[in-house]
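Novice: TSV, C-alpha atoms, file start.tsv:
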chain	number	residue	atom	x	y	z
A	1	MET	CA	13.25	17.19	-41.15
A	2	ARG	CA	13.04	20.68	-42.62
A	3	GLY	CA	13.38	23.33	-39.96
A	4	ILE	CA	14.14	22.88	-36.27
A	5	ARG	CA	11.93	21.19	-33.70
A	6	GLY	CA	12.83	20.15	-30.20
A	7	SER	CA	16.58	19.69	-29.74
A	8	LEU	CA	19.02	19.78	-32.66
A	9	ASN	CA	21.38	16.80	-32.91
A	10	VAL	CA	24.41	18.71	-34.28
A	11	SER	CA	26.78	15.73	-34.72
A	12	THR	CA	24.29	13.63	-36.68
A	13	THR	CA	23.27	16.63	-38.81
A	14	ALA	CA	26.93	17.31	-39.68
A	15	ARG	CA	27.85	13.64	-40.25
A	16	ARG	CA	25.02	13.17	-42.72
A	17	ALA	CA	25.62	16.56	-44.38
A	18	LEU	CA	21.98	17.42	-43.89
A	19	LEU	CA	22.36	21.20	-43.82
A	20	GLY	CA	23.28	21.25	-47.51
A	21	GLN	CA	19.94	19.58	-48.20
A	22	GLY	CA	18.05	22.09	-46.05
A	23	LEU	CA	17.45	19.43	-43.38
A	24	ALA	CA	18.30	18.92	-39.73
A	25	HIS	CA	18.30	15.91	-37.39
A	26	CYS	CA	16.11	16.71	-34.37
A	27	GLU	CA	14.83	14.89	-31.32
A	28	PHE	CA	11.47	15.72	-29.77
A	29	ASP	CA	8.61	14.17	-27.79
A	30	GLU	CA	5.13	13.72	-29.16
A	31	LEU	CA	2.13	13.79	-26.83
A	32	THR	CA	-0.09	10.72	-26.88
A	33	VAL	CA	-3.00	9.82	-24.62
A	34	ASN	CA	-2.85	6.15	-25.57
A	35	THR	CA	-0.43	5.35	-22.74
A	36	PRO	CA	-0.20	2.10	-20.70
A	37	ALA	CA	-1.68	3.90	-17.67
A	38	ASN	CA	-4.71	5.10	-19.63
A	39	GLN	CA	-5.01	1.63	-21.19
A	40	ILE	CA	-5.67	0.37	-17.66
A	41	ILE	CA	-8.08	3.14	-16.63
A	42	ARG	CA	-10.42	2.80	-19.63
A	43	PRO	CA	-11.03	-0.99	-19.44
A	44	THR	CA	-11.54	-0.62	-15.68
A	45	ILE	CA	-14.30	1.92	-16.43
A	46	ARG	CA	-15.76	-0.51	-18.99
A	47	HIS	CA	-15.80	-3.28	-16.36
A	48	LEU	CA	-17.56	-1.05	-13.84
A	49	LEU	CA	-20.23	-0.17	-16.40
A	50	LYS	CA	-21.15	-3.89	-16.52
A	51	VAL	CA	-21.82	-4.07	-12.77
A	52	ARG	CA	-25.61	-4.11	-12.28
A	53	GLU	CA	-25.50	-3.00	-8.63
A	54	LEU	CA	-23.52	0.14	-9.49
A	55	ASP	CA	-25.06	3.42	-8.33
A	56	LYS	CA	-26.95	5.04	-11.23
A	57	GLU	CA	-25.30	8.43	-10.80
A	58	ILE	CA	-21.83	6.84	-10.83
A	59	HIS	CA	-22.86	4.87	-13.92
A	60	LYS	CA	-23.72	8.13	-15.73
A	61	GLN	CA	-20.40	9.71	-14.75
A	62	LEU	CA	-18.48	6.67	-15.98
A	63	LEU	CA	-20.25	6.80	-19.35
A	64	VAL	CA	-19.07	10.40	-19.76
A	65	LEU	CA	-15.52	9.46	-18.76
A	66	ASP	CA	-15.45	6.54	-21.18
A	67	LYS	CA	-16.49	8.85	-24.02
A	68	GLU	CA	-13.78	11.35	-23.08
A	69	LEU	CA	-11.20	8.56	-23.31
A	70	GLU	CA	-12.08	7.81	-26.93
A	71	GLY	CA	-9.03	6.66	-28.89
A	72	ILE	CA	-7.44	4.79	-25.99
A	73	GLU	CA	-7.03	1.05	-26.49
A	74	VAL	CA	-8.99	-1.35	-24.26
A	75	PRO	CA	-6.71	-4.34	-23.61
A	76	ARG	CA	-7.56	-7.28	-21.36
A	77	LEU	CA	-6.68	-6.38	-17.78
A	78	SER	CA	-4.12	-8.61	-16.11
A	79	LYS	CA	-1.53	-8.50	-13.33
A	80	ARG	CA	1.15	-8.38	-16.00
A	81	LEU	CA	-0.39	-5.26	-17.56
A	82	PHE	CA	-0.33	-3.45	-14.23
A	83	ARG	CA	3.34	-4.35	-13.74
A	84	THR	CA	4.36	-2.95	-17.13
A	85	VAL	CA	3.41	0.63	-16.21
A	86	GLN	CA	6.44	2.82	-15.48
A	87	LEU	CA	5.58	6.10	-13.78
A	88	HIS	CA	8.14	8.90	-13.85
A	89	SER	CA	8.04	11.85	-11.46
A	90	ASN	CA	5.78	13.95	-13.72
A	91	ALA	CA	3.13	11.20	-13.80
A	92	ARG	CA	3.18	10.05	-10.19
A	93	PHE	CA	-0.41	11.33	-9.78
A	94	TYR	CA	-1.41	8.18	-11.70
A	95	ARG	CA	-0.19	5.91	-8.90
A	96	PHE	CA	-3.27	6.30	-6.69
A	97	VAL	CA	-5.73	5.92	-9.58
A	98	LEU	CA	-3.96	2.79	-10.84
A	99	SER	CA	-4.00	1.30	-7.32
A	100	ILE	CA	-7.78	1.79	-7.24
A	101	CYS	CA	-8.05	0.17	-10.69
A	102	GLU	CA	-6.09	-2.84	-9.42
A	103	VAL	CA	-8.32	-3.22	-6.35
A	104	ILE	CA	-11.42	-3.04	-8.59
A	105	THR	CA	-9.99	-5.59	-11.02
A	106	ASP	CA	-9.12	-8.00	-8.20
A	107	SER	CA	-12.60	-7.62	-6.69
A	108	LEU	CA	-14.75	-8.29	-9.77
A	109	LEU	CA	-16.33	-11.67	-10.46
A	110	ILE	CA	-18.09	-12.84	-13.64
A	111	ASP	CA	-21.59	-14.26	-13.36
A	112	GLN	CA	-21.32	-17.51	-15.33
A	113	GLU	CA	-24.99	-17.41	-16.35
A	114	THR	CA	-25.46	-13.79	-17.42
A	115	GLY	CA	-21.88	-12.66	-18.08
A	116	ASP	CA	-22.49	-9.64	-15.83
A	117	LEU	CA	-19.82	-8.50	-13.41
A	118	ARG	CA	-20.34	-8.23	-9.68
A	119	PHE	CA	-18.15	-7.37	-6.72
A	120	ARG	CA	-17.03	-10.03	-4.32
A	121	ASP	CA	-17.38	-9.17	-0.63
A	122	PHE	CA	-14.03	-7.46	-0.32
A	123	LEU	CA	-14.60	-6.32	3.27
A	124	ARG	CA	-14.89	-9.93	4.44
A	125	ASP	CA	-11.60	-10.94	2.81
A	126	GLU	CA	-9.29	-10.68	5.83
A	127	ARG	CA	-6.09	-11.08	3.82
A	128	ALA	CA	-7.00	-8.39	1.31
A	129	MET	CA	-8.26	-5.99	3.97
A	130	ALA	CA	-5.15	-6.61	6.09
A	131	ARG	CA	-3.01	-5.55	3.12
A	132	VAL	CA	-5.09	-2.38	2.61
A	133	PHE	CA	-5.02	-1.56	6.35
A	134	GLU	CA	-1.24	-2.01	6.51
A	135	GLU	CA	-0.58	0.17	3.46
A	136	PHE	CA	-3.01	2.82	4.71
A	137	LEU	CA	-1.18	3.10	8.05
A	138	PHE	CA	2.25	3.12	6.39
A	139	ASN	CA	1.37	5.91	3.96
A	140	PHE	CA	-0.56	7.83	6.61
A	141	TYR	CA	2.44	8.15	8.91
A	142	ARG	CA	4.78	8.96	6.02
A	143	ALA	CA	2.46	11.79	4.93
A	144	GLU	CA	1.38	13.10	8.34
A	145	ARG	CA	4.71	12.85	10.18
A	146	PRO	CA	7.41	13.97	7.71
A	147	ASP	CA	9.66	14.71	10.70
A	148	LEU	CA	10.01	10.95	11.29
A	149	SER	CA	11.78	8.19	9.40
A	150	VAL	CA	8.97	5.84	8.32
A	151	ARG	CA	9.84	2.69	6.37
A	152	LYS	CA	9.56	-1.07	6.14
A	153	GLU	CA	12.72	-2.94	7.02
A	154	ARG	CA	14.20	-6.41	7.12
A	155	ILE	CA	15.53	-7.62	10.46
A	156	SER	CA	18.27	-10.23	10.69
A	157	TRP	CA	17.92	-13.09	13.11
A	158	LEU	CA	20.27	-13.02	16.10
A	159	ALA	CA	21.18	-16.61	15.31
A	160	GLU	CA	24.19	-18.86	14.74
A	161	ALA	CA	24.51	-22.27	13.12
A	162	ASP	CA	27.26	-24.88	13.06
A	163	ASP	CA	26.70	-25.02	9.33
A	164	PRO	CA	26.27	-21.35	8.17
A	165	PRO	CA	24.21	-22.25	5.02
A	166	HIS	CA	21.49	-23.45	7.39
A	167	LEU	CA	20.79	-19.81	8.30
A	168	ALA	CA	19.26	-19.34	4.86
A	169	TYR	CA	16.31	-21.52	5.92
A	170	LEU	CA	15.21	-19.10	8.64
A	171	PRO	CA	12.06	-17.17	7.68
A	172	SER	CA	12.56	-13.52	6.78
A	173	MET	CA	11.43	-10.82	9.18
A	174	GLU	CA	10.06	-7.63	7.65
A	175	THR	CA	8.26	-4.99	9.67
A	176	ASP	CA	5.01	-3.43	8.53
A	177	ILE	CA	6.10	-0.02	9.80
A	178	SER	CA	9.35	1.04	11.47
A	179	ILE	CA	9.37	4.61	12.79
A	180	ARG	CA	12.50	6.33	14.10
A	181	ARG	CA	13.56	9.68	15.41
A	182	ALA	CA	16.42	10.71	17.68
A	183	LYS	CA	16.57	8.15	20.50
A	184	THR	CA	13.36	6.23	19.82
A	185	THR	CA	12.42	3.29	17.60
A	186	LEU	CA	8.78	2.20	17.26
A	187	VAL	CA	7.77	-0.94	15.35
A	188	ILE	CA	4.07	-1.12	14.38
A	189	ASP	CA	2.57	-4.42	13.30
A	190	ALA	CA	-0.77	-3.82	11.56
A	191	LYS	CA	-3.35	-6.59	11.95
A	192	TYR	CA	-6.86	-6.97	10.57
A	193	TYR	CA	-9.30	-9.59	11.90
A	194	GLN	CA	-13.04	-10.07	12.10
A	195	SER	CA	-12.40	-10.52	15.85
A	196	THR	CA	-9.67	-8.44	17.50
A	197	LEU	CA	-9.24	-10.86	20.41
A	198	THR	CA	-9.39	-14.65	20.60
A	199	ASP	CA	-11.58	-16.66	22.98
A	200	TYR	CA	-9.65	-18.85	25.40
A	201	TYR	CA	-11.52	-20.93	27.98
A	202	GLY	CA	-14.24	-18.32	28.31
A	203	GLY	CA	-11.85	-15.36	28.41
A	204	GLN	CA	-10.45	-13.09	25.76
A	205	ARG	CA	-6.78	-12.91	24.84
A	206	VAL	CA	-4.52	-11.09	22.41
A	207	HIS	CA	-3.64	-13.24	19.38
A	208	SER	CA	-0.58	-15.08	20.66
A	209	SER	CA	1.02	-15.40	17.21
A	210	ASN	CA	0.82	-11.60	16.76
A	211	LEU	CA	2.52	-10.97	20.09
A	212	TYR	CA	5.23	-13.58	19.41
A	213	GLN	CA	5.93	-12.04	16.00
A	214	LEU	CA	6.23	-8.51	17.36
A	215	PHE	CA	8.45	-9.65	20.22
A	216	ALA	CA	10.72	-11.46	17.74
A	217	TYR	CA	11.17	-8.17	15.87
A	218	LEU	CA	12.06	-6.27	19.04
A	219	LYS	CA	14.36	-8.95	20.42
A	220	ASN	CA	16.34	-9.30	17.20
A	221	LEU	CA	16.62	-5.52	16.83
A	222	GLU	CA	18.61	-5.47	20.08
A	223	GLN	CA	21.79	-6.55	18.27
A	224	ARG	CA	21.91	-3.18	16.47
A	225	GLY	CA	22.36	-1.31	19.73
A	226	GLY	CA	21.58	2.37	20.19
A	227	ASN	CA	17.89	3.26	20.27
A	228	ASP	CA	17.08	-0.13	18.69
A	229	ALA	CA	18.31	-1.93	21.81
A	230	LEU	CA	15.18	-0.87	23.70
A	231	SER	CA	12.80	-0.39	20.78
A	232	GLU	CA	9.06	-0.20	21.38
A	233	GLY	CA	6.35	-2.22	19.67
A	234	MET	CA	2.66	-1.77	18.89
A	235	LEU	CA	0.03	-4.18	17.60
A	236	LEU	CA	-2.57	-2.02	15.86
A	237	TYR	CA	-6.03	-3.35	14.96
A	238	PRO	CA	-9.23	-1.73	13.68
A	239	VAL	CA	-11.98	-1.62	16.31
A	240	VAL	CA	-14.45	-4.51	15.98
A	241	VAL	CA	-16.35	-4.58	19.28
A	242	GLN	CA	-14.28	-2.69	21.82
A	243	GLN	CA	-11.47	-0.17	21.88
A	244	LEU	CA	-8.18	-1.43	23.28
A	245	ARG	CA	-5.34	0.43	24.96
A	246	LEU	CA	-3.21	-2.29	26.55
A	247	GLU	CA	0.38	-1.69	27.64
A	248	TYR	CA	3.11	-4.06	28.87
A	249	THR	CA	6.85	-4.17	29.44
A	250	ILE	CA	8.29	-7.43	28.10
A	251	HIS	CA	12.01	-8.07	28.59
A	252	GLY	CA	12.63	-4.34	28.80
A	253	HIS	CA	10.58	-3.48	25.69
A	254	ARG	CA	7.44	-1.37	25.89
A	255	VAL	CA	4.65	-3.17	24.00
A	256	ARG	CA	1.20	-1.74	23.33
A	257	VAL	CA	-1.93	-3.34	21.88
A	258	CYS	CA	-4.19	-0.66	20.40
A	259	THR	CA	-7.17	-0.20	18.11
A	260	VAL	CA	-8.38	2.58	15.81
A	261	ASP	CA	-12.08	3.08	15.11
A	262	LEU	CA	-12.45	3.29	11.31
A	263	SER	CA	-16.18	4.03	11.60
A	264	TRP	CA	-15.39	7.52	12.85
A	265	GLY	CA	-15.08	10.59	10.65
A	266	TRP	CA	-11.73	11.29	9.03
A	267	ARG	CA	-10.74	14.04	11.50
A	268	GLU	CA	-11.27	11.72	14.45
A	269	ILE	CA	-9.37	8.85	12.78
A	270	ARG	CA	-6.46	11.15	11.95
A	271	ALA	CA	-6.30	12.54	15.48
A	272	GLU	CA	-6.37	9.06	17.02
A	273	LEU	CA	-3.61	7.69	14.78
A	274	LEU	CA	-1.39	10.71	15.47
A	275	ASP	CA	-2.05	10.38	19.19
A	276	LEU	CA	-1.01	6.71	19.19
A	277	VAL	CA	2.41	7.54	17.74
A	278	SER	CA	2.93	10.76	19.72
A	279	LEU	CA	3.06	8.73	22.95
A	280	SER	CA	6.37	7.30	21.72
A	281	LEU	CA	7.43	9.98	19.23
A	282	PRO	CA	6.08	13.41	20.25
A	283	THR	CA	6.13	16.22	17.70
A	284	GLN	CA	8.94	18.69	18.06
If you convert what's in this file into structure tokens, what do you get?
Specialist:
Amino acid sequence: MRGIRGSLNVSTTARRALLGQGLAHCEFDELTVNTPANQIIRPTIRHLLKVRELDKEIHKQLLVLDKELEGIEVPRLSKRLFRTVQLHSNARFYRFVLSICEVITDSLLIDQETGDLRFRDFLRDERAMARVFEEFLFNFYRAERPDLSVRKERISWLAEADDPPHLAYLPSMETDISIRRAKTTLVIDAKYYQSTLTDYYGGQRVHSSNLYQLFAYLKNLEQRGGNDALSEGMLLYPVVVQQLRLEYTIHGHRVRVCTVDLSWGWREIRAELLDLVSLSLPTQ
């Protein structure tokens, strides 16, 4: 090009003898709004505009947004499209918006008669809500307790086999949330059910499979020694009918069964979640 723009590639300019022609080889970025991330946001808006039950005020706002995104392609939304988006550090603000777009896309159904879109009853989908609840708790503790190490982790079975390849058939163990600091390890297993407890011969009990799973995590963590040898565990559910604060000691491990009331205001929810963890990991 004539003139200089961006960064000058000196070696290429010299090799091609461009200066004698009044030219230079330059490298520079060009701004475009037609990015993969925006190509997800705009068709999501278009889908929402087809939902008849949508609030009228939200519908008006979406029409304005769609007009502002003029020039952005509207591809067919698919899981593959979501996976192709690469977000660098300067565009990480897109992550939350794209997660919302994915939830919306997964929750829309087409009316076969009219072609209109409608939302499926997402709140009654236990598997989907369990995934949302788990991710909410994980990101909450990462954001609200930066003094702690908060992560998901794989735990190896404390197992042996006469034929070592047989160990590969054991199911993997991955915690929902592992929280560590100093001399304490807390494993939180997030669960979401329409009924927090199960009925058993007229009485109510903790879900046995949940308790077995959590205990397996704690027992197999023992092999690591240190603070993991006596790690603590918590089963955490949203409140359905009653609030629970149950506590046990099982084979030397402190185990709690707790609930959080998601119908409360945000300040109350935040305080309760922080309080649950501070019993094991107090703030410094």
Novice: Would you please work out which residue, of A:Thr84, A:Gln223, A:Ser208, A:Ser280, is nearest to Arg180 (chain A) when using all atoms listed in the file?
Specialist: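 Closest to Arg180 (chain A) of all the choices is A:Ser280.
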Novice: Taking all atoms listed in the file into account, which of A:Phe82, A:Gly202, A:Glu30, A:Leu48 comes nearest Lys60 (chain A)?
Specialist: A:Leu48
Novice: Can you list, as a ChimeraX atom specification, every protein, DNA or RNA residue that comes within 9 Å of Ile41 (chain A) when you count only C-alpha atoms, leaving out same-chain residues fewer than 3 positions away?
Specialist: /A:36-38,44-46,74,97-98,101
Novice: Edge lengths and centre, in Å to one decimal, as JSON: that's what I need for the box along x, y and z that holds all listed atoms of region 84-101 of chain A plus 4 Å on each side.
Specialist:
{"center_x": 0.0, "center_y": 5.5, "center_z": -11.9, "size_x": 24.2, "size_y": 24.9, "size_z": 18.4}
Novice: Give me the residues near Val255 (chain A) as an mmCIF file with C-alpha atoms, in the frame of the given file, where near means some atom within 6 Å (using only C-alpha atoms) and where sequence neighbours in that chain fewer than 4 positions away do not count.
Specialist:
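Output saved as part.cif:
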data_model
loop_
_atom_site.group_PDB
_atom_site.id
_atom_site.type_symbol
_atom_site.label_atom_id
_atom_site.label_comp_id
_atom_site.auth_asym_id
_atom_site.auth_seq_id
_atom_site.Cartn_x
_atom_site.Cartn_y
_atom_site.Cartn_z
ATOM 1 C CA GLU A 232 9.060 -0.200 21.380
ATOM 2 C CA GLY A 233 6.350 -2.220 19.670
ATOM 3 C CA MET A 234 2.660 -1.770 18.890
ATOM 4 C CA GLU A 247 0.380 -1.690 27.640
ATOM 5 C CA TYR A 248 3.110 -4.060 28.870
ATOM 6 C CA THR A 249 6.850 -4.170 29.440
#
Novice: Within 12 Å of Arg142 (chain A), counting only C-alpha atoms, which residues qualify if same-chain residues fewer than 3 places away don't, as a ChimeraX atom specification?
Specialist: /A:135-139,145-152,177-180,274
Novice: (7.7, -6.3, 7.4) in this file's frame - what residues fall within 8 Å of it? Use all atoms listed in the file and give the answer as a PyMOL selection string.
Specialist: chain A and resi 152-154+173-177
Novice: List the spatial neighbours of Ile250 (chain A) as a PyMOL selection string - criterion: any atom at most 12 Å away, only C-alpha atoms, same-chain residues fewer than 4 positions off excluded.
Specialist: chain A and resi 211-212+214-216+218-219+230-233+254-256
